[in-house]
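In what follows, a single structure is set out as C-alpha cells and then discussed.
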Amino acid sequence: MRGAAMTNRSIQEGPAGLWDSVKKAAFVIGSGILLLAAFGNSLTWHLQRFWGASGDFWQNLWTRLYLAYEGHDASLFYLGTMLIPTVAFWVPNSLLLWADTTGKPSFITRYRIQVDKNNPVDPAKLRSAMKTVVFNLFFLSGPMVVGVYHLTSWRGNPCGPELPTFHWALTELAIFSIIEEIMFYYSHRLFHHPSFYKHYHKQHHEWTAPIGLICIYAHPLEHVISNMLPVVMGPMVLGSHLATTSLWYCLVLWSTTISHCGYHLPFLPSPEFHDFHHLRFTNCFGVLGVLDRLHGTDSKFRQTKQYERHVLLTGLTPLNESIPDAPKKGQ
Ligand SMILES: [Zn+2]
Ligand SMILES: [Zn+2]
C-alpha cells in the first residue's frame, strides 16, 4: 500500500513554474541540436572510419534478407519490429528471472541495489505481473506495431534495398533518444499527477524494488502512452529504415530492462536512477536524466548514496560495498 500513501506526495506545482521549466528545456535541447549539427559531422566521420569494412557485412546480410522476403514487405517489417525485439527482450529477462527466483548464480545477488528485497522474488506477485506483461506485449504492443507499419508505409517503404549509412543511423538513434526523453518524461510526470496516478500509474509502482520484467508491467493506457508512443514516434517521424527501427526497439528494451532489473552489474549502464524512482516516487522521471536536471526533479536523488553509485561500474567490486550506506542512527 506504499503507492497509495505516496499518491499525495506526487509532484504538484503551479502552471507558471512548469511553463518556465519547459521554456528552459526547449532552449537547452534546441542548443544541443545545433551543437550536434555543427560538430556531428566530424564525430561521425571518425566513427565511420572505425566502422570501416564491417558496413559491407551488414549490407550483404540485409540484401540476402531483402531478396528472401521480396514482395512480402509486411512480413519483413514484423520480423524486424516484433520477432527480433521480442527475442531480444526475453533472452536477458529469462536469465534475470532465473537469478530472481533461484538466487543463483550467487555472486549476482551481491550486485543487488535494494539489498534485502526480492531475495527470492514472491512467486504469486511474479505470476500476476507476468500475466500483465504478456498481455501488454501481445495484445497492445503487437497491434500497435501493425498500425506503425501502415503509418510508416504511407510516407515511403521502410524496407528499402539499401541500408542507411552508419552516419545517418547514428544521427537517427540520437534523435530517437531526444524524442523519447521528452515524450516519456512529460507523460510519466503527468501520470504522477494525483488525478491520474491512482488509476493508471500506481500499478507500475506496486514494485518498489523492481525486476527486469516490470519495465512493461503497467496499466494498458500507461503502456500505450508512456512506454510505446515515445519509442515508436521517432522512426515514424523520420520515416526510418527497418534496420534502424529494429535496432532502436532492441536497444530500448535492453535499456529499460536494465533500468528495472534491480542489479547494478559491471560494464552495464547504471540502473540507480530509475530504481530510485521506484523507491521514492517523486524524483527521476526521465530516461537520460537531462530533463530531471533541468526541472530539478533529481534534487533528492542527488543527495543520496544511490547518486554516488550512479556510474558505470568498471570493476568487479559491487558499488554498495565500495560506497556503503551511511550507518543508521544509534549504530
Ligand atoms: Zn519503472
Ligand atoms: Zn513513476
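How things are named: the first chain in the C-alpha cells is A, the next is B, and so on; residues count from 1 in each chain; ligands count from 1 in the order shown.
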With stretch 114-130 of chain A as the partner and 9 Å as the cut-off, tabulate the residues of stretch 232-282 of chain A that qualify, each row holding the nearest pair of atoms and their distance in Å to one decimal, using only C-alpha atoms, sorted by chain and rising number, as JSON lines.
{"residue": "A:Gly262", "atom": "CA", "partner": "A:Gln114", "partner_atom": "CA", "distance": 7.1}
{"residue": "A:Tyr263", "atom": "CA", "partner": "A:Gln114", "partner_atom": "CA", "distance": 8.4}
{"residue": "A:Asp275", "atom": "CA", "partner": "A:Gln114", "partner_atom": "CA", "distance": 8.7}
{"residue": "A:Leu279", "atom": "CA", "partner": "A:Gln114", "partner_atom": "CA", "distance": 9.0}
Give one line per residue of chain A that approaches ligand 1 to at most 7 Å, naming the two atoms of the closest pair and their distance in Å to one decimal, counting only C-alpha atoms and all ligand atoms; sort by chain then ascending residue number and deliver it as CSV.
residue,atom,partner,partner_atom_place_in_ligand_line,distance
A:His204,CA,ligand 1,1 (Zn),6.4
A:Ile214,CA,ligand 1,1 (Zn),6.8
A:Cys215,CA,ligand 1,1 (Zn),5.5
A:His260,CA,ligand 1,1 (Zn),6.2
A:His274,CA,ligand 1,1 (Zn),6.3
A:His278,CA,ligand 1,1 (Zn),6.2
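Counting from atom CA of A:Val145, the distance to atom CA of A:Leu268 is 28.3 Å.
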Inset, instruction - May I ask you to write as a list in words all residues lying at most 9 Å from ligand 2, with only C-alpha atoms and all ligand atoms counted? - result: His188, Arg189, Phe191, His192, Tyr197, His201, Lys202, His204, His205, His274, His277, His278, Phe281, Thr282, Asn283, Cys284 and Phe285 of chain A
Got time to write the residues from that selection, N, CA and C atoms, as a PDB file, in the first residue's frame?
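Final output, again_29.pdb:
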ATOM      1  N   HIS A 188       5.184  10.664 -18.241  1.00  0.00           N
ATOM      2  CA  HIS A 188       5.397   9.988 -16.960  1.00  0.00           C
ATOM      3  C   HIS A 188       5.065  10.924 -15.800  1.00  0.00           C
ATOM      4  N   ARG A 189       5.475  12.166 -15.948  1.00  0.00           N
ATOM      5  CA  ARG A 189       5.203  13.128 -14.879  1.00  0.00           C
ATOM      6  C   ARG A 189       3.708  13.400 -14.748  1.00  0.00           C
ATOM      7  N   PHE A 191       1.434  11.209 -15.402  1.00  0.00           N
ATOM      8  CA  PHE A 191       0.868  10.039 -14.730  1.00  0.00           C
ATOM      9  C   PHE A 191       1.086  10.087 -13.214  1.00  0.00           C
ATOM     10  N   HIS A 192       2.015  10.943 -12.759  1.00  0.00           N
ATOM     11  CA  HIS A 192       2.208  11.106 -11.314  1.00  0.00           C
ATOM     12  C   HIS A 192       1.297  12.178 -10.735  1.00  0.00           C
ATOM     13  N   TYR A 197      -2.543   9.306 -11.120  1.00  0.00           N
ATOM     14  CA  TYR A 197      -1.649   8.316 -10.516  1.00  0.00           C
ATOM     15  C   TYR A 197      -2.366   7.049 -10.064  1.00  0.00           C
ATOM     16  N   HIS A 201      -1.034   4.755 -12.917  1.00  0.00           N
ATOM     17  CA  HIS A 201       0.414   4.534 -12.764  1.00  0.00           C
ATOM     18  C   HIS A 201       0.778   3.765 -11.495  1.00  0.00           C
ATOM     19  N   LYS A 202      -0.155   3.700 -10.555  1.00  0.00           N
ATOM     20  CA  LYS A 202       0.129   3.050  -9.275  1.00  0.00           C
ATOM     21  C   LYS A 202       0.517   1.581  -9.486  1.00  0.00           C
ATOM     22  N   HIS A 204       2.266   0.174 -11.837  1.00  0.00           N
ATOM     23  CA  HIS A 204       3.701   0.025 -12.119  1.00  0.00           C
ATOM     24  C   HIS A 204       4.529   0.212 -10.851  1.00  0.00           C
ATOM     25  N   HIS A 205       4.032   1.067  -9.946  1.00  0.00           N
ATOM     26  CA  HIS A 205       4.781   1.369  -8.719  1.00  0.00           C
ATOM     27  C   HIS A 205       4.502   0.400  -7.577  1.00  0.00           C
ATOM     28  N   HIS A 274      16.509   4.977 -12.193  1.00  0.00           N
ATOM     29  CA  HIS A 274      15.107   4.553 -12.225  1.00  0.00           C
ATOM     30  C   HIS A 274      14.755   3.689 -11.017  1.00  0.00           C
ATOM     31  N   HIS A 277      13.620   5.970  -8.558  1.00  0.00           N
ATOM     32  CA  HIS A 277      12.246   6.419  -8.841  1.00  0.00           C
ATOM     33  C   HIS A 277      11.230   5.435  -8.239  1.00  0.00           C
ATOM     34  N   HIS A 278      11.510   4.142  -8.343  1.00  0.00           N
ATOM     35  CA  HIS A 278      10.595   3.143  -7.778  1.00  0.00           C
ATOM     36  C   HIS A 278      10.620   3.164  -6.255  1.00  0.00           C
ATOM     37  N   PHE A 281       9.519   7.559  -5.633  1.00  0.00           N
ATOM     38  CA  PHE A 281       8.367   8.076  -6.391  1.00  0.00           C
ATOM     39  C   PHE A 281       8.429   9.530  -6.892  1.00  0.00           C
ATOM     40  N   THR A 282       9.062  10.445  -6.181  1.00  0.00           N
ATOM     41  CA  THR A 282       8.902  11.865  -6.532  1.00  0.00           C
ATOM     42  C   THR A 282      10.108  12.445  -7.264  1.00  0.00           C
ATOM     43  N   ASN A 283      11.060  11.612  -7.621  1.00  0.00           N
ATOM     44  CA  ASN A 283      12.251  12.077  -8.327  1.00  0.00           C
ATOM     45  C   ASN A 283      12.537  11.143  -9.494  1.00  0.00           C
ATOM     46  N   CYS A 284      13.370  11.630 -10.440  1.00  0.00           N
ATOM     47  CA  CYS A 284      13.893  10.786 -11.524  1.00  0.00           C
ATOM     48  C   CYS A 284      12.789  10.255 -12.437  1.00  0.00           C
ATOM     49  N   PHE A 285      12.183  11.157 -13.218  1.00  0.00           N
ATOM     50  CA  PHE A 285      11.069  10.759 -14.090  1.00  0.00           C
ATOM     51  C   PHE A 285      11.517  10.380 -15.504  1.00  0.00           C
TER      52      PHE A 285
END
Inset, instruction - Find the residues around A:Val311 up to 12 Å (only C-alpha atoms counted), leave out those fewer than 5 positions away in its own chain, and share them as a ChimeraX atom specification. - result: /A:264-273,305-306,318-319,323
Would you mind exporting C-alpha atoms of the selected residues as a PDB file, in the first residue's frame?
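The resulting file, result.pdb, is reproduced below:
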ATOM      1  CA  HIS A 264      23.952  -2.783 -10.684  1.00  0.00           C
ATOM      2  CA  LEU A 265      26.141  -5.106 -12.757  1.00  0.00           C
ATOM      3  CA  PRO A 266      29.656  -4.392 -14.045  1.00  0.00           C
ATOM      4  CA  PHE A 267      30.072  -2.900 -17.522  1.00  0.00           C
ATOM      5  CA  LEU A 268      26.345  -2.237 -17.976  1.00  0.00           C
ATOM      6  CA  PRO A 269      24.562   1.135 -17.776  1.00  0.00           C
ATOM      7  CA  SER A 270      23.675   2.167 -14.228  1.00  0.00           C
ATOM      8  CA  PRO A 271      20.095   1.350 -13.153  1.00  0.00           C
ATOM      9  CA  GLU A 272      20.327   3.502  -9.969  1.00  0.00           C
ATOM     10  CA  PHE A 273      18.328   6.414 -11.439  1.00  0.00           C
ATOM     11  CA  LYS A 305      24.340   7.315  -1.880  1.00  0.00           C
ATOM     12  CA  GLN A 306      22.467   5.950  -4.902  1.00  0.00           C
ATOM     13  CA  PRO A 318      29.769  -4.101  -6.090  1.00  0.00           C
ATOM     14  CA  LEU A 319      29.122  -0.399  -5.602  1.00  0.00           C
ATOM     15  CA  ILE A 323      30.245   3.095  -1.472  1.00  0.00           C
TER      16      ILE A 323
END
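The interatomic distance for the pair atom CA of A:His219 and atom CA of A:Ser94 works out to 22.4 Å.
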Legend entry - Between atom CA of A:Pro220 and atom CA of A:Leu140, distance in Å (one decimal): 7.5 Å
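Of the listed residues A:Thr244, A:Met144, A:His199, A:Phe138, the one whose atoms come nearest to A:Trp168 is A:Thr244, with distances taken using only C-alpha atoms.
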Give me the residues within 8 Å of A:Ile179 as a PDB file with N, CA and C atoms, in the first residue's frame, counting only C-alpha atoms and dropping any in the same chain fewer than 5 places off.
ATOM      1  N   PRO A 230       6.438   7.071 -27.036  1.00  0.00           N
ATOM      2  CA  PRO A 230       7.717   7.782 -27.125  1.00  0.00           C
ATOM      3  C   PRO A 230       8.766   7.010 -27.936  1.00  0.00           C
ATOM      4  N   VAL A 231       8.613   5.673 -28.013  1.00  0.00           N
ATOM      5  CA  VAL A 231       9.595   4.848 -28.714  1.00  0.00           C
ATOM      6  C   VAL A 231       9.279   4.751 -30.210  1.00  0.00           C
ATOM      7  N   MET A 233       7.501   6.835 -31.971  1.00  0.00           N
ATOM      8  CA  MET A 233       7.339   8.138 -32.624  1.00  0.00           C
ATOM      9  C   MET A 233       8.540   8.517 -33.491  1.00  0.00           C
ATOM     10  N   GLY A 234       9.759   8.373 -32.965  1.00  0.00           N
ATOM     11  CA  GLY A 234      10.974   8.789 -33.687  1.00  0.00           C
ATOM     12  C   GLY A 234      11.052   8.169 -35.080  1.00  0.00           C
TER      13      GLY A 234
END
Inset, instruction - Would you mind writing down, as a VMD selection string, each residue of stretch 198-313 of chain A that DSSP on the backbone assigns to alpha helix (DSSP H)? - result: chain A and resid 220 to 222 229 to 238 242 to 260 272 to 280 290 to 295 305 to 308
Can you write out the residues you just picked, keeping N, CA and C atoms, as a short mmCIF file (atom, residue, chain, number, x, y, z; two decimals), in the first residue's frame?
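So again_39.cif came out as:
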data_model
loop_
_atom_site.label_atom_id
_atom_site.label_comp_id
_atom_site.auth_asym_id
_atom_site.auth_seq_id
_atom_site.Cartn_x
_atom_site.Cartn_y
_atom_site.Cartn_z
N PRO A 220 -2.82 -0.64 -19.16
CA PRO A 220 -2.80 -0.54 -20.63
C PRO A 220 -2.61 0.89 -21.15
N LEU A 221 -3.28 1.85 -20.52
CA LEU A 221 -3.16 3.23 -21.01
C LEU A 221 -1.73 3.75 -20.85
N GLU A 222 -1.13 3.42 -19.70
CA GLU A 222 0.26 3.84 -19.48
C GLU A 222 1.18 3.14 -20.48
N LEU A 229 4.41 4.91 -27.25
CA LEU A 229 4.42 6.10 -28.12
C LEU A 229 5.77 6.81 -28.19
N PRO A 230 6.44 7.07 -27.04
CA PRO A 230 7.72 7.78 -27.12
C PRO A 230 8.77 7.01 -27.94
N VAL A 231 8.61 5.67 -28.01
CA VAL A 231 9.60 4.85 -28.71
C VAL A 231 9.28 4.75 -30.21
N VAL A 232 7.99 4.58 -30.55
CA VAL A 232 7.65 4.40 -31.98
C VAL A 232 7.61 5.73 -32.73
N MET A 233 7.50 6.83 -31.97
CA MET A 233 7.34 8.14 -32.62
C MET A 233 8.54 8.52 -33.49
N GLY A 234 9.76 8.37 -32.97
CA GLY A 234 10.97 8.79 -33.69
C GLY A 234 11.05 8.17 -35.08
N PRO A 235 11.05 6.83 -35.18
CA PRO A 235 11.15 6.21 -36.52
C PRO A 235 9.99 6.60 -37.43
N MET A 236 8.79 6.85 -36.86
CA MET A 236 7.66 7.24 -37.71
C MET A 236 7.87 8.64 -38.27
N VAL A 237 8.31 9.56 -37.40
CA VAL A 237 8.51 10.95 -37.83
C VAL A 237 9.61 11.02 -38.89
N LEU A 238 10.69 10.26 -38.69
CA LEU A 238 11.81 10.34 -39.63
C LEU A 238 11.64 9.42 -40.84
N LEU A 242 13.84 0.03 -41.79
CA LEU A 242 13.50 -1.03 -40.84
C LEU A 242 14.70 -1.44 -39.97
N ALA A 243 15.89 -1.48 -40.56
CA ALA A 243 17.07 -1.94 -39.81
C ALA A 243 17.32 -1.03 -38.61
N THR A 244 17.21 0.28 -38.83
CA THR A 244 17.45 1.23 -37.73
C THR A 244 16.34 1.11 -36.69
N THR A 245 15.09 0.98 -37.16
CA THR A 245 13.96 0.87 -36.24
C THR A 245 14.09 -0.39 -35.38
N SER A 246 14.47 -1.50 -36.01
CA SER A 246 14.61 -2.76 -35.29
C SER A 246 15.69 -2.64 -34.22
N LEU A 247 16.82 -2.04 -34.60
CA LEU A 247 17.93 -1.85 -33.64
C LEU A 247 17.47 -0.96 -32.48
N TRP A 248 16.74 0.09 -32.80
CA TRP A 248 16.25 1.03 -31.79
C TRP A 248 15.33 0.32 -30.79
N TYR A 249 14.37 -0.48 -31.31
CA TYR A 249 13.45 -1.20 -30.41
C TYR A 249 14.24 -2.12 -29.46
N CYS A 250 15.25 -2.82 -30.02
CA CYS A 250 16.04 -3.73 -29.17
C CYS A 250 16.80 -2.94 -28.10
N LEU A 251 17.43 -1.82 -28.52
CA LEU A 251 18.19 -1.02 -27.57
C LEU A 251 17.29 -0.51 -26.44
N VAL A 252 16.08 -0.07 -26.81
CA VAL A 252 15.15 0.46 -25.81
C VAL A 252 14.75 -0.65 -24.82
N LEU A 253 14.47 -1.84 -25.35
CA LEU A 253 14.04 -2.94 -24.47
C LEU A 253 15.17 -3.36 -23.53
N TRP A 254 16.39 -3.38 -24.04
CA TRP A 254 17.52 -3.72 -23.16
C TRP A 254 17.71 -2.64 -22.11
N SER A 255 17.63 -1.38 -22.57
CA SER A 255 17.87 -0.27 -21.64
C SER A 255 16.82 -0.25 -20.52
N THR A 256 15.55 -0.46 -20.87
CA THR A 256 14.51 -0.41 -19.83
C THR A 256 14.58 -1.66 -18.93
N THR A 257 14.99 -2.79 -19.50
CA THR A 257 15.17 -3.99 -18.67
C THR A 257 16.27 -3.74 -17.64
N ILE A 258 17.38 -3.17 -18.11
CA ILE A 258 18.50 -2.89 -17.18
C ILE A 258 18.05 -1.89 -16.11
N SER A 259 17.30 -0.85 -16.52
CA SER A 259 16.84 0.17 -15.56
C SER A 259 16.00 -0.43 -14.44
N HIS A 260 15.27 -1.53 -14.76
CA HIS A 260 14.37 -2.12 -13.77
C HIS A 260 14.95 -3.35 -13.08
N GLU A 272 20.63 2.84 -11.25
CA GLU A 272 20.33 3.50 -9.97
C GLU A 272 19.22 4.56 -10.11
N PHE A 273 19.24 5.28 -11.23
CA PHE A 273 18.33 6.41 -11.44
C PHE A 273 16.86 5.97 -11.39
N HIS A 274 16.51 4.98 -12.19
CA HIS A 274 15.11 4.55 -12.22
C HIS A 274 14.76 3.69 -11.02
N ASP A 275 15.74 2.97 -10.48
CA ASP A 275 15.49 2.21 -9.27
C ASP A 275 15.11 3.16 -8.13
N PHE A 276 15.77 4.32 -8.09
CA PHE A 276 15.45 5.33 -7.08
C PHE A 276 14.03 5.86 -7.29
N HIS A 277 13.62 5.97 -8.56
CA HIS A 277 12.25 6.42 -8.84
C HIS A 277 11.23 5.43 -8.24
N HIS A 278 11.51 4.14 -8.34
CA HIS A 278 10.60 3.14 -7.78
C HIS A 278 10.62 3.16 -6.26
N LEU A 279 11.77 3.52 -5.69
CA LEU A 279 11.91 3.54 -4.23
C LEU A 279 11.26 4.78 -3.63
N ARG A 280 11.41 5.93 -4.29
CA ARG A 280 10.98 7.20 -3.68
C ARG A 280 9.86 7.93 -4.42
N VAL A 290 18.33 14.23 -18.37
CA VAL A 290 18.56 15.62 -18.77
C VAL A 290 17.41 16.51 -18.29
N LEU A 291 16.17 16.07 -18.54
CA LEU A 291 15.02 16.90 -18.17
C LEU A 291 14.83 16.94 -16.66
N ASP A 292 15.23 15.88 -15.96
CA ASP A 292 15.15 15.91 -14.50
C ASP A 292 16.09 16.96 -13.93
N ARG A 293 17.28 17.08 -14.55
CA ARG A 293 18.23 18.09 -14.08
C ARG A 293 17.65 19.48 -14.32
N LEU A 294 17.06 19.68 -15.52
CA LEU A 294 16.52 20.99 -15.86
C LEU A 294 15.34 21.38 -14.97
N HIS A 295 14.49 20.42 -14.66
CA HIS A 295 13.29 20.71 -13.87
C HIS A 295 13.54 20.55 -12.37
N LYS A 305 23.26 8.25 -1.54
CA LYS A 305 24.34 7.32 -1.88
C LYS A 305 24.10 6.72 -3.26
N GLN A 306 22.79 6.52 -3.59
CA GLN A 306 22.47 5.95 -4.90
C GLN A 306 23.03 6.83 -6.02
N TYR A 307 23.02 8.16 -5.79
CA TYR A 307 23.55 9.08 -6.80
C TYR A 307 25.06 8.89 -6.95
N GLU A 308 25.74 8.71 -5.80
CA GLU A 308 27.20 8.48 -5.86
C GLU A 308 27.50 7.18 -6.62
#
Legend entry - Test item: residues at most 8 Å from A:Pro158, only C-alpha atoms, excluding those fewer than 2 positions along its chain, as an MDAnalysis selection string: chainID A and resid 77 152:153 156 160 239:242
